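What follows is work.tsv (TSV, C-alpha atoms).
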chain	number	residue	atom	x	y	z
A	21	MET	CA	358.47	35.93	197.18
A	22	PRO	CA	361.88	37.49	197.76
A	23	ASN	CA	362.25	40.14	200.44
A	24	THR	CA	363.81	42.55	198.04
A	25	CYS	CA	362.09	43.07	194.71
A	26	LYS	CA	363.60	44.50	191.59
A	27	LEU	CA	361.15	46.97	190.11
A	28	VAL	CA	361.21	48.39	186.61
A	29	LEU	CA	358.95	51.18	185.41
A	30	ALA	CA	358.70	51.54	181.64
A	31	THR	CA	357.61	54.90	180.27
A	32	ASP	CA	356.85	56.28	176.83
A	33	SER	CA	359.31	59.15	177.10
A	34	GLN	CA	362.59	59.93	178.73
A	35	ILE	CA	362.38	60.88	182.36
A	36	SER	CA	364.54	63.63	183.70
A	37	PRO	CA	367.41	62.43	185.91
A	38	ASN	CA	366.01	64.27	188.89
A	39	VAL	CA	362.91	62.13	189.09
A	40	ASP	CA	362.10	61.00	192.62
A	41	ILE	CA	360.98	57.47	193.36
A	42	ILE	CA	359.36	57.14	196.77
A	43	ILE	CA	358.26	53.82	198.22
A	44	ASN	CA	356.36	53.77	201.49
A	45	ASP	CA	357.55	57.31	202.24
A	46	GLN	CA	361.18	56.37	201.60
A	47	THR	CA	363.12	57.78	198.63
A	48	VAL	CA	365.02	55.07	196.74
A	49	ASP	CA	368.00	55.21	194.41
A	50	SER	CA	367.15	54.44	190.81
A	51	LYS	CA	368.80	53.99	187.42
A	52	ILE	CA	367.23	55.80	184.47
A	53	THR	CA	367.98	54.90	180.87
A	54	THR	CA	368.48	57.58	178.22
A	55	VAL	CA	367.81	55.43	175.14
A	56	PRO	CA	364.65	53.42	174.53
A	57	ASP	CA	364.74	49.64	174.83
A	58	GLU	CA	363.48	47.19	172.18
A	59	CYS	CA	359.92	47.93	173.23
A	60	GLY	CA	360.45	51.67	172.72
A	61	ASN	CA	360.27	52.34	176.44
A	62	PHE	CA	362.56	54.17	178.81
A	63	ILE	CA	363.34	52.33	181.99
A	64	VAL	CA	363.52	53.39	185.62
A	65	SER	CA	364.88	50.50	187.66
A	66	PHE	CA	365.44	50.10	191.37
A	67	ALA	CA	365.33	47.52	194.13
A	68	HIS	CA	363.40	47.69	197.35
A	69	GLN	CA	362.12	45.49	200.14
A	70	LEU	CA	358.37	45.43	199.72
A	71	GLU	CA	355.80	45.32	202.51
A	72	THR	CA	352.35	43.70	202.29
A	73	LYS	CA	350.94	46.99	201.05
A	74	ASN	CA	353.19	49.36	199.13
A	75	HIS	CA	352.68	52.88	197.88
A	76	ILE	CA	355.01	53.93	195.08
A	77	VAL	CA	355.13	57.56	194.05
A	78	ILE	CA	356.90	58.94	190.98
A	79	LEU	CA	357.57	62.65	191.23
A	80	ASN	CA	358.76	64.54	188.18
A	81	ASN	CA	357.88	68.13	187.44
A	82	SER	CA	359.87	68.58	184.25
A	83	ASN	CA	357.82	66.65	181.67
A	84	LEU	CA	354.70	64.53	181.17
A	85	ILE	CA	355.20	60.82	180.94
A	86	LYS	CA	352.97	57.83	180.33
A	87	LEU	CA	353.62	54.78	182.42
A	88	GLU	CA	353.53	51.81	180.03
A	89	ASP	CA	354.46	48.95	182.27
A	90	ILE	CA	355.46	47.80	185.70
A	91	ILE	CA	357.83	44.85	185.93
A	92	ILE	CA	358.48	43.25	189.32
A	93	ASP	CA	360.99	40.45	189.54
A	94	ASP	CA	360.43	39.60	185.88
A	95	ILE	CA	356.63	39.65	186.17
A	96	ARG	CA	355.60	42.00	183.40
A	97	PHE	CA	352.33	43.59	184.41
A	98	GLY	CA	351.70	45.13	181.01
A	99	LEU	CA	349.28	47.83	180.01
A	100	VAL	CA	346.34	46.02	181.54
A	101	THR	CA	347.81	46.15	185.01
A	102	PHE	CA	348.96	49.68	184.54
A	103	LEU	CA	345.37	50.68	183.83
A	104	CYS	CA	344.20	48.89	186.95
A	105	THR	CA	346.75	50.46	189.19
A	106	THR	CA	346.73	54.02	188.06
A	107	VAL	CA	343.31	54.88	186.65
A	108	SER	CA	342.13	57.64	188.91
A	109	ASN	CA	341.30	60.60	186.73
A	110	THR	CA	341.03	61.66	183.10
A	111	GLN	CA	344.76	62.26	182.92
A	112	ASN	CA	345.45	58.82	184.29
A	113	THR	CA	348.07	57.84	181.76
A	114	GLN	CA	350.25	60.84	182.40
A	115	LEU	CA	351.71	62.71	185.26
A	116	ASN	CA	348.96	65.01	186.41
A	117	GLY	CA	349.27	68.67	187.18
A	118	SER	CA	351.07	67.98	190.39
A	119	GLY	CA	353.72	65.94	188.54
A	120	LYS	CA	352.90	62.75	190.38
A	121	ILE	CA	352.00	59.12	189.64
A	122	ASP	CA	350.71	56.89	192.43
A	123	ILE	CA	351.00	53.12	192.23
A	124	GLU	CA	349.65	50.69	194.81
A	125	ILE	CA	351.26	47.24	194.90
A	126	LYS	CA	350.48	44.43	197.32
A	127	THR	CA	352.38	41.25	198.06
A	128	PRO	CA	352.53	38.36	197.39
A	129	ILE	CA	353.09	39.63	193.87
A	130	TRP	CA	351.67	36.55	192.09
A	131	GLN	CA	348.33	36.99	193.89
A	132	PHE	CA	348.25	40.76	193.37
A	133	TRP	CA	348.99	40.22	189.68
A	134	SER	CA	346.29	37.54	189.37
A	135	ASP	CA	343.68	39.67	191.17
A	136	LYS	CA	344.44	42.68	189.02
A	137	MET	CA	344.40	40.70	185.80
A	138	ASN	CA	341.06	39.11	186.65
A	139	ALA	CA	339.53	42.42	187.69
A	140	PHE	CA	340.54	44.35	184.60
A	141	ASN	CA	337.64	45.09	182.27
A	142	TYR	CA	338.68	46.65	178.99
A	143	LYS	CA	335.08	47.71	178.33
A	144	ASP	CA	335.34	50.21	181.17
A	145	TYR	CA	338.39	51.89	179.77
A	146	PRO	CA	337.43	55.35	178.47
A	147	LEU	CA	339.58	55.42	175.33
A	148	GLY	CA	338.86	53.82	171.99
A	149	SER	CA	335.77	51.99	170.83
A	150	VAL	CA	334.83	48.40	170.19
A	151	SER	CA	333.87	49.10	166.59
B	25	MET	CA	361.21	28.29	185.32
B	26	ASP	CA	359.33	31.57	185.06
B	27	PRO	CA	358.84	32.76	188.70
B	28	LEU	CA	355.19	33.64	188.14
B	29	VAL	CA	354.50	30.10	186.89
B	30	LYS	CA	356.30	28.65	189.90
B	31	ASP	CA	354.37	30.78	192.40
B	32	PHE	CA	351.09	30.18	190.58
B	33	PHE	CA	351.33	26.42	190.92
B	34	GLN	CA	352.96	26.26	194.35
B	35	ASN	CA	350.31	28.29	196.15
B	36	THR	CA	346.80	27.32	197.22
B	37	PHE	CA	344.03	29.38	195.64
B	38	PRO	CA	341.08	30.78	197.62
B	39	GLY	CA	338.45	29.17	195.34
B	40	PHE	CA	335.65	30.80	193.34
B	41	HIS	CA	332.83	31.68	195.77
B	42	SER	CA	330.92	34.42	193.92
B	43	ASP	CA	327.17	34.13	193.41
B	44	VAL	CA	326.47	33.15	189.82
B	45	VAL	CA	323.55	34.15	187.62
B	46	VAL	CA	322.90	31.48	184.98
B	47	GLU	CA	322.15	33.30	181.74
B	48	ASN	CA	319.37	32.14	179.40
B	49	ASP	CA	322.05	32.11	176.73
B	50	VAL	CA	324.05	29.80	178.95
B	51	LEU	CA	327.45	30.35	177.31
B	52	LEU	CA	327.23	33.96	178.52
B	53	THR	CA	327.46	32.78	182.15
B	54	ASN	CA	330.59	34.12	183.81
B	55	VAL	CA	332.07	31.14	185.69
B	56	PRO	CA	335.71	29.99	185.46
B	57	VAL	CA	335.15	26.49	184.06
B	58	VAL	CA	332.35	24.04	183.32
B	59	SER	CA	332.88	20.28	183.25
B	60	LEU	CA	330.64	18.26	180.93
B	61	PRO	CA	330.56	14.47	181.37
B	62	LEU	CA	330.13	13.38	177.75
B	63	ASP	CA	331.95	10.04	177.85
B	64	ILE	CA	334.05	11.02	174.85
B	65	ASP	CA	336.29	8.29	173.42
B	66	VAL	CA	339.51	10.26	173.88
B	67	GLY	CA	341.63	7.23	172.95
B	68	GLU	CA	340.31	7.35	169.40
B	69	LEU	CA	340.98	11.09	169.20
B	70	LEU	CA	344.46	10.72	170.69
B	71	ASP	CA	345.41	8.07	168.14
B	72	LEU	CA	344.37	10.44	165.36
B	73	VAL	CA	346.07	13.49	166.87
B	74	LYS	CA	349.40	11.73	167.40
B	75	THR	CA	349.73	11.19	163.65
B	76	ILE	CA	349.44	14.92	162.84
B	77	PRO	CA	352.65	17.03	162.61
B	78	LEU	CA	352.73	19.99	165.02
B	79	ASP	CA	354.25	23.47	164.94
B	80	PHE	CA	356.44	24.83	167.73
B	81	VAL	CA	354.92	28.00	169.18
B	82	LYS	CA	357.42	30.82	168.84
B	83	ARG	CA	357.24	34.07	170.74
B	84	LYS	CA	359.43	37.13	170.82
B	85	ILE	CA	361.54	37.34	173.99
B	86	TYR	CA	362.04	40.82	175.39
B	87	PRO	CA	365.37	41.87	176.92
B	88	TYR	CA	364.06	42.11	180.46
B	89	GLU	CA	362.76	38.53	180.42
B	90	GLN	CA	365.02	36.22	182.37
B	91	PHE	CA	362.78	33.22	181.77
B	92	PRO	CA	360.70	32.16	178.76
B	93	ARG	CA	356.97	32.84	178.98
B	94	ILE	CA	356.17	29.59	177.24
B	95	GLN	CA	358.14	26.38	177.08
B	96	GLU	CA	357.66	23.20	175.03
B	97	TRP	CA	354.31	24.29	173.59
B	98	TYR	CA	353.26	22.96	170.20
B	99	GLN	CA	350.05	23.46	168.31
B	100	LYS	CA	348.31	22.85	165.01
B	101	ALA	CA	345.11	24.29	163.55
B	102	LEU	CA	342.88	21.44	162.36
B	103	TRP	CA	340.32	23.70	160.79
B	104	SER	CA	339.34	27.35	160.91
B	105	ASN	CA	336.38	29.18	159.41
B	106	GLY	CA	338.51	32.33	159.34
B	107	ASN	CA	336.18	34.32	161.61
B	108	VAL	CA	337.74	33.99	165.09
B	109	SER	CA	339.99	36.69	166.57
B	110	PRO	CA	341.08	34.91	169.74
B	111	ILE	CA	342.97	37.73	171.47
B	112	MET	CA	343.20	41.50	171.62
B	113	ASP	CA	345.95	42.97	169.52
B	114	ASP	CA	345.86	46.27	171.38
B	115	VAL	CA	343.97	46.49	174.66
B	116	TYR	CA	344.43	50.26	174.83
B	117	TYR	CA	342.44	50.88	171.64
B	118	LYS	CA	340.29	47.74	171.94
B	119	LYS	CA	341.55	46.23	168.70
B	120	SER	CA	341.26	42.53	168.09
B	121	CYS	CA	344.02	40.70	166.29
B	122	SER	CA	343.25	39.60	162.75
B	123	PRO	CA	340.98	36.57	162.52
B	124	PHE	CA	342.85	33.29	162.49
B	125	GLU	CA	343.37	32.37	158.85
B	126	ALA	CA	340.92	29.99	157.20
B	127	VAL	CA	342.05	26.36	157.26
B	128	LEU	CA	340.17	23.59	155.50
B	129	PRO	CA	340.04	20.32	157.42
B	130	ASP	CA	341.87	17.39	155.86
B	131	ASN	CA	340.66	13.79	156.18
B	132	LYS	CA	341.96	13.32	159.73
B	133	SER	CA	340.63	16.69	160.84
B	134	ASN	CA	337.26	15.85	159.33
B	135	GLN	CA	337.14	12.69	161.43
B	136	ILE	CA	337.78	14.75	164.56
B	137	LYS	CA	335.24	17.33	163.42
B	138	GLU	CA	332.60	14.65	162.99
B	139	ILE	CA	333.23	13.21	166.48
B	140	LEU	CA	332.84	16.64	168.06
B	141	SER	CA	329.86	17.51	165.87
B	142	ASN	CA	328.10	14.35	167.07
B	143	LEU	CA	328.41	15.71	170.61
B	144	GLY	CA	326.32	18.70	169.56
B	145	ILE	CA	329.15	21.23	169.14
B	146	SER	CA	329.69	23.46	166.12
B	147	ILE	CA	333.27	24.76	166.10
B	148	ASP	CA	334.73	27.75	164.28
B	149	LEU	CA	338.38	27.09	165.10
B	150	CYS	CA	339.85	23.83	166.38
B	151	MET	CA	343.49	23.28	167.33
B	152	ILE	CA	345.72	20.62	168.80
B	153	SER	CA	347.63	21.99	171.80
B	154	VAL	CA	350.53	19.98	173.16
B	155	ILE	CA	352.71	20.56	176.22
B	156	GLY	CA	355.93	18.57	176.19
B	157	ALA	CA	357.97	17.41	179.18
B	158	ASN	CA	358.87	20.33	181.50
B	159	GLY	CA	356.65	22.61	179.45
B	160	TYR	CA	354.34	25.39	180.55
B	161	ILE	CA	352.32	28.37	179.41
B	162	ARG	CA	352.63	31.32	181.73
B	163	PRO	CA	349.56	32.60	183.63
B	164	HIS	CA	347.55	34.86	181.33
B	165	ARG	CA	344.12	36.01	180.24
B	166	ASP	CA	343.10	35.70	176.61
B	167	ILE	CA	341.37	39.07	176.54
B	168	ASN	CA	339.18	39.22	173.44
B	169	LEU	CA	335.93	40.62	172.09
B	170	ILE	CA	334.21	37.26	171.69
B	171	LYS	CA	330.72	37.66	173.15
B	172	HIS	CA	330.38	34.34	175.01
B	173	PRO	CA	333.01	33.72	177.71
B	174	LEU	CA	332.24	29.99	177.72
B	175	ALA	CA	332.50	29.59	173.95
B	176	TYR	CA	335.93	28.01	174.31
B	177	PHE	CA	336.43	24.33	174.90
B	178	TRP	CA	339.35	22.38	176.38
B	179	LEU	CA	339.33	18.66	175.72
B	180	PRO	CA	342.19	16.69	177.36
B	181	LEU	CA	343.08	13.55	175.41
B	182	ASN	CA	345.42	12.16	178.06
B	183	ASN	CA	346.31	13.13	181.60
B	184	PRO	CA	349.90	12.21	182.42
B	185	LEU	CA	351.30	12.70	185.92
B	186	GLY	CA	352.65	16.21	186.45
B	187	ASN	CA	350.11	17.95	184.22
B	188	GLU	CA	347.91	20.67	185.60
B	189	LEU	CA	345.50	23.34	184.37
B	190	LYS	CA	345.01	25.94	187.08
B	191	ILE	CA	342.61	28.89	187.08
B	192	TYR	CA	342.72	31.83	189.49
B	193	PRO	CA	340.95	31.95	191.94
B	194	TYR	CA	339.20	28.64	191.14
B	195	GLY	CA	342.16	26.28	191.55
B	196	THR	CA	343.24	23.15	189.71
B	197	VAL	CA	340.83	21.64	187.19
B	198	ASP	CA	340.00	18.05	188.21
B	199	VAL	CA	340.53	16.32	184.88
B	200	GLN	CA	338.23	13.41	184.07
B	201	LEU	CA	339.13	11.90	180.72
B	202	GLY	CA	336.02	11.77	178.54
B	203	ASN	CA	334.74	15.09	179.88
B	204	LEU	CA	334.64	18.27	177.83
B	205	TYR	CA	335.57	21.49	179.63
B	206	LEU	CA	334.34	24.98	178.80
B	207	LEU	CA	337.11	27.32	179.94
B	208	ASN	CA	336.44	31.00	180.58
B	209	GLN	CA	339.85	31.96	179.31
B	210	LYS	CA	338.92	35.57	178.54
B	211	ASN	CA	337.96	36.56	182.11
B	212	PHE	CA	340.09	34.38	184.39
B	213	VAL	CA	343.86	34.08	184.65
B	214	HIS	CA	344.92	30.53	183.83
B	215	SER	CA	348.06	28.53	183.20
B	216	VAL	CA	349.17	25.02	182.29
B	217	ILE	CA	352.24	23.09	183.35
B	218	ASN	CA	353.78	19.70	182.64
B	219	THR	CA	356.40	18.68	185.20
B	220	GLY	CA	356.35	15.05	184.04
B	221	ASN	CA	358.13	13.24	181.25
B	222	GLU	CA	355.10	12.40	179.14
B	223	THR	CA	353.55	14.70	176.55
B	224	ARG	CA	350.09	16.14	177.26
B	225	TYR	CA	347.66	16.31	174.31
B	226	VAL	CA	344.60	18.58	174.32
B	227	LEU	CA	342.09	19.73	171.74
B	228	ILE	CA	341.08	23.38	172.11
B	229	GLY	CA	338.67	25.46	170.12
B	230	TRP	CA	336.21	28.28	169.78
B	231	ILE	CA	332.56	27.24	169.70
B	232	ASN	CA	330.08	28.64	167.21
B	233	ASP	CA	327.01	26.94	168.68
B	234	ILE	CA	325.93	24.04	170.86
B	235	SER	CA	322.80	21.87	170.74
B	236	ASP	CA	319.79	22.47	173.01
B	237	GLU	CA	320.60	19.23	174.82
B	238	LEU	CA	324.16	20.34	175.50
B	239	GLN	CA	322.93	23.75	176.68
B	240	LYS	CA	320.83	21.98	179.30
B	241	LEU	CA	323.84	19.95	180.40
B	242	VAL	CA	325.95	23.11	180.71
B	243	LYS	CA	323.24	24.70	182.85
B	244	GLN	CA	323.00	21.61	185.09
B	245	SER	CA	326.76	21.51	185.54
B	246	ILE	CA	326.91	25.19	186.50
B	247	ILE	CA	324.07	24.81	189.02
B	248	SER	CA	325.71	21.78	190.63
B	249	SER	CA	329.17	23.36	190.78
B	250	TYR	CA	328.60	26.98	191.78
B	251	ASN	CA	326.48	29.18	194.08
B	252	THR	CA	323.54	29.96	191.80

Show this structure as structure tokens.
Amino acid sequence: MPNTCKLVLATDSQISPNVDIIINDQTVDSKITTVPDECGNFIVSFAHQLETKNHIVILNNSNLIKLEDIIIDDIRFGLVTFLCTTVSNTQNTQLNGSGKIDIEIKTPIWQFWSDKMNAFNYKDYPLGSVS
Amino acid sequence: MDPLVKDFFQNTFPGFHSDVVVENDVLLTNVPVVSLPLDIDVGELLDLVKTIPLDFVKRKIYPYEQFPRIQEWYQKALWSNGNVSPIMDDVYYKKSCSPFEAVLPDNKSNQIKEILSNLGISIDLCMISVIGANGYIRPHRDINLIKHPLAYFWLPLNNPLGNELKIYPYGTVDVQLGNLYLLNQKNFVHSVINTGNETRYVLIGWINDISDELQKLVKQSIISSYNT
């Protein structure tokens, strides 16, 4: 577990350049892509020294975005983990009215990832149907 | 090596300590793994399997991936009834992938099928899975819509030094050659690694049904291994 983690947030639409990334109450510098990658996602990337418990906030008032993925030091969390980390209301896949996404991440990352992956239950997810 | 694989195998797991309810339909029981001492002649199976050509498992590599998610993994479908969709194609919309295509067993596969059938197992899809030297499959869950979480078997045919199957939070599976393992791959993160120089051979498959006698053995194994 490195002290400084590289974090990548993949979204379904372009984020305005004035998006704020705040980790543990500290604003961090980030790079934002303007063209989608091979997965069709736009990327917000930054590096930060993580604590045991970390609160990441994405603030962006200009447009709605859907967070598709969180990648930490090459560990791709995928949609499953995104659902686990951000499901909090009916608008959970987009910025809500306040223009804010909250993400909780704990370290060590491998254990956090494993716990989240085990806990995820697709049957509880409100969209879609089994049939 | 993929950093998640490295961390997964270097760290000690807390163990699986949850209280378990043994279901009447025992394959519905939600435990990480069940070991069944069946005294299977794995040498005979290994001799057969080693004569069958394998396919290298290919996977698309995305630009952000610095390390491959799988390495030195080969497999071969021995037979398939064409009715198993082993993973979700789209978790968001709860769509299964297409069922694995139907494959008729050839003579060698029929011999393997008969050996497994004599153990009391009816199998919808059976595959050879091989991990070569320095190979691994990254930690993952095979999220699917298959009703029974224990309807997946893992049968090691050899156990070379450096091979490990690890399940979170359970830990490393204590491999006893001749045992059959029911692996709850849909609900528990798991991974395999081969840090040695010798190839690991395993039979894997999706179970259609098991005999009453085997159901009793599964129940006994769960009761003796977990807090029930």

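Straight-line separation from CA of Asp233 (chain B) to CA of Gly202 (chain B): 20.2 Å.
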
How would you write as a ChimeraX atom specification the residues that get within 9 Å of (354.1, 24.1, 172.8) in the file's frame, counting only C-alpha atoms? /B:78-82,94-99,153-156,159-161

So what do you get for CA of Gly39 (chain B) versus CA of Gly98 (chain A), distance-wise?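 CA of Gly39 (chain B) sits 25.2 Å away from CA of Gly98 (chain A).
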
Dump as a compact mmCIF listing (two decimals) with C-alpha atoms, keeping the file's coordinate frame the residues of chain B that approach chain A to within 9 Å, counting all atoms listed in the file.
# COMPACT_ATOMS: atom_id res chain seq x y z
CA ASP B 26 359.33 31.57 185.06
CA PRO B 27 358.84 32.76 188.70
CA LEU B 28 355.19 33.64 188.14
CA VAL B 29 354.50 30.10 186.89
CA ASP B 31 354.37 30.78 192.40
CA PHE B 32 351.09 30.18 190.58
CA PHE B 37 344.03 29.38 195.64
CA TYR B 86 362.04 40.82 175.39
CA PRO B 87 365.37 41.87 176.92
CA TYR B 88 364.06 42.11 180.46
CA GLU B 89 362.76 38.53 180.42
CA GLN B 90 365.02 36.22 182.37
CA PHE B 91 362.78 33.22 181.77
CA VAL B 115 343.97 46.49 174.66
CA TYR B 116 344.43 50.26 174.83
CA TYR B 117 342.44 50.88 171.64
CA LYS B 118 340.29 47.74 171.94
CA LYS B 119 341.55 46.23 168.70
CA SER B 120 341.26 42.53 168.09
CA PRO B 163 349.56 32.60 183.63
CA HIS B 164 347.55 34.86 181.33
CA ARG B 165 344.12 36.01 180.24
CA ILE B 167 341.37 39.07 176.54
CA LEU B 169 335.93 40.62 172.09
CA TYR B 192 342.72 31.83 189.49
CA PRO B 193 340.95 31.95 191.94
CA ASN B 211 337.96 36.56 182.11
CA PHE B 212 340.09 34.38 184.39
CA VAL B 213 343.86 34.08 184.65

Can you work out the spacing between CA of Leu143 (chain B) and CA of Phe124 (chain B) in Å, to one decimal?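 Interatomic distance, CA of Leu143 (chain B) to CA of Phe124 (chain B): 24.2 Å.
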
What's the 6 Å shell around Ile63 (chain A), counting all atoms listed in the file, without same-chain residues fewer than 4 positions away, as a list in words?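 Listed by chain and then number, they are Leu29, Ala30, Ile52 and Thr53 of chain A.
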
Nearest to Glu138 (chain B): which of B:Lys171, B:Asn54, B:Leu69, B:Lys30 is it, counting only C-alpha atoms? B:Leu69

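The closest residue to Leu52 (chain B), picked from B:Asn142, B:Ser245, B:Gln239, B:Thr223 and counting only C-alpha atoms, is B:Gln239.
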
Can region 156-169 of chain B be brought up to N, CA and C atoms and written out as an mmCIF file, in the frame of the given file?
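Result written to selection.cif:
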data_model
loop_
_atom_site.group_PDB
_atom_site.id
_atom_site.type_symbol
_atom_site.label_atom_id
_atom_site.label_comp_id
_atom_site.auth_asym_id
_atom_site.auth_seq_id
_atom_site.Cartn_x
_atom_site.Cartn_y
_atom_site.Cartn_z
ATOM 1 N N GLY B 156 354.926 19.608 176.029
ATOM 2 C CA GLY B 156 355.930 18.570 176.190
ATOM 3 C C GLY B 156 356.458 18.502 177.618
ATOM 4 N N ALA B 157 357.372 17.572 177.850
ATOM 5 C CA ALA B 157 357.970 17.410 179.180
ATOM 6 C C ALA B 157 358.596 18.722 179.638
ATOM 7 N N ASN B 158 358.360 19.090 180.902
ATOM 8 C CA ASN B 158 358.870 20.330 181.500
ATOM 9 C C ASN B 158 358.360 21.583 180.787
ATOM 10 N N GLY B 159 357.219 21.460 180.154
ATOM 11 C CA GLY B 159 356.650 22.610 179.450
ATOM 12 C C GLY B 159 355.658 23.376 180.298
ATOM 13 N N TYR B 160 355.364 24.581 179.868
ATOM 14 C CA TYR B 160 354.340 25.390 180.550
ATOM 15 C C TYR B 160 353.918 26.548 179.663
ATOM 16 N N ILE B 161 352.762 27.083 179.966
ATOM 17 C CA ILE B 161 352.320 28.370 179.410
ATOM 18 C C ILE B 161 352.053 29.278 180.597
ATOM 19 N N ARG B 162 352.688 30.403 180.599
ATOM 20 C CA ARG B 162 352.630 31.320 181.730
ATOM 21 C C ARG B 162 351.187 31.745 182.058
ATOM 22 N N PRO B 163 350.894 32.087 183.319
ATOM 23 C CA PRO B 163 349.560 32.600 183.630
ATOM 24 C C PRO B 163 349.205 33.800 182.745
ATOM 25 N N HIS B 164 347.980 33.808 182.250
ATOM 26 C CA HIS B 164 347.550 34.860 181.330
ATOM 27 C C HIS B 164 346.036 34.881 181.232
ATOM 28 N N ARG B 165 345.513 35.940 180.657
ATOM 29 C CA ARG B 165 344.120 36.010 180.240
ATOM 30 C C ARG B 165 344.103 36.222 178.748
ATOM 31 N N ASP B 166 343.224 35.495 178.055
ATOM 32 C CA ASP B 166 343.100 35.700 176.610
ATOM 33 C C ASP B 166 342.009 36.751 176.375
ATOM 34 N N ILE B 167 342.357 37.999 176.656
ATOM 35 C CA ILE B 167 341.370 39.070 176.540
ATOM 36 C C ILE B 167 340.969 39.224 175.072
ATOM 37 N N ASN B 168 339.672 39.139 174.818
ATOM 38 C CA ASN B 168 339.180 39.220 173.440
ATOM 39 C C ASN B 168 337.796 39.830 173.412
ATOM 40 N N LEU B 169 337.259 40.024 172.229
ATOM 41 C CA LEU B 169 335.930 40.620 172.090
ATOM 42 C C LEU B 169 334.865 39.579 171.760
#
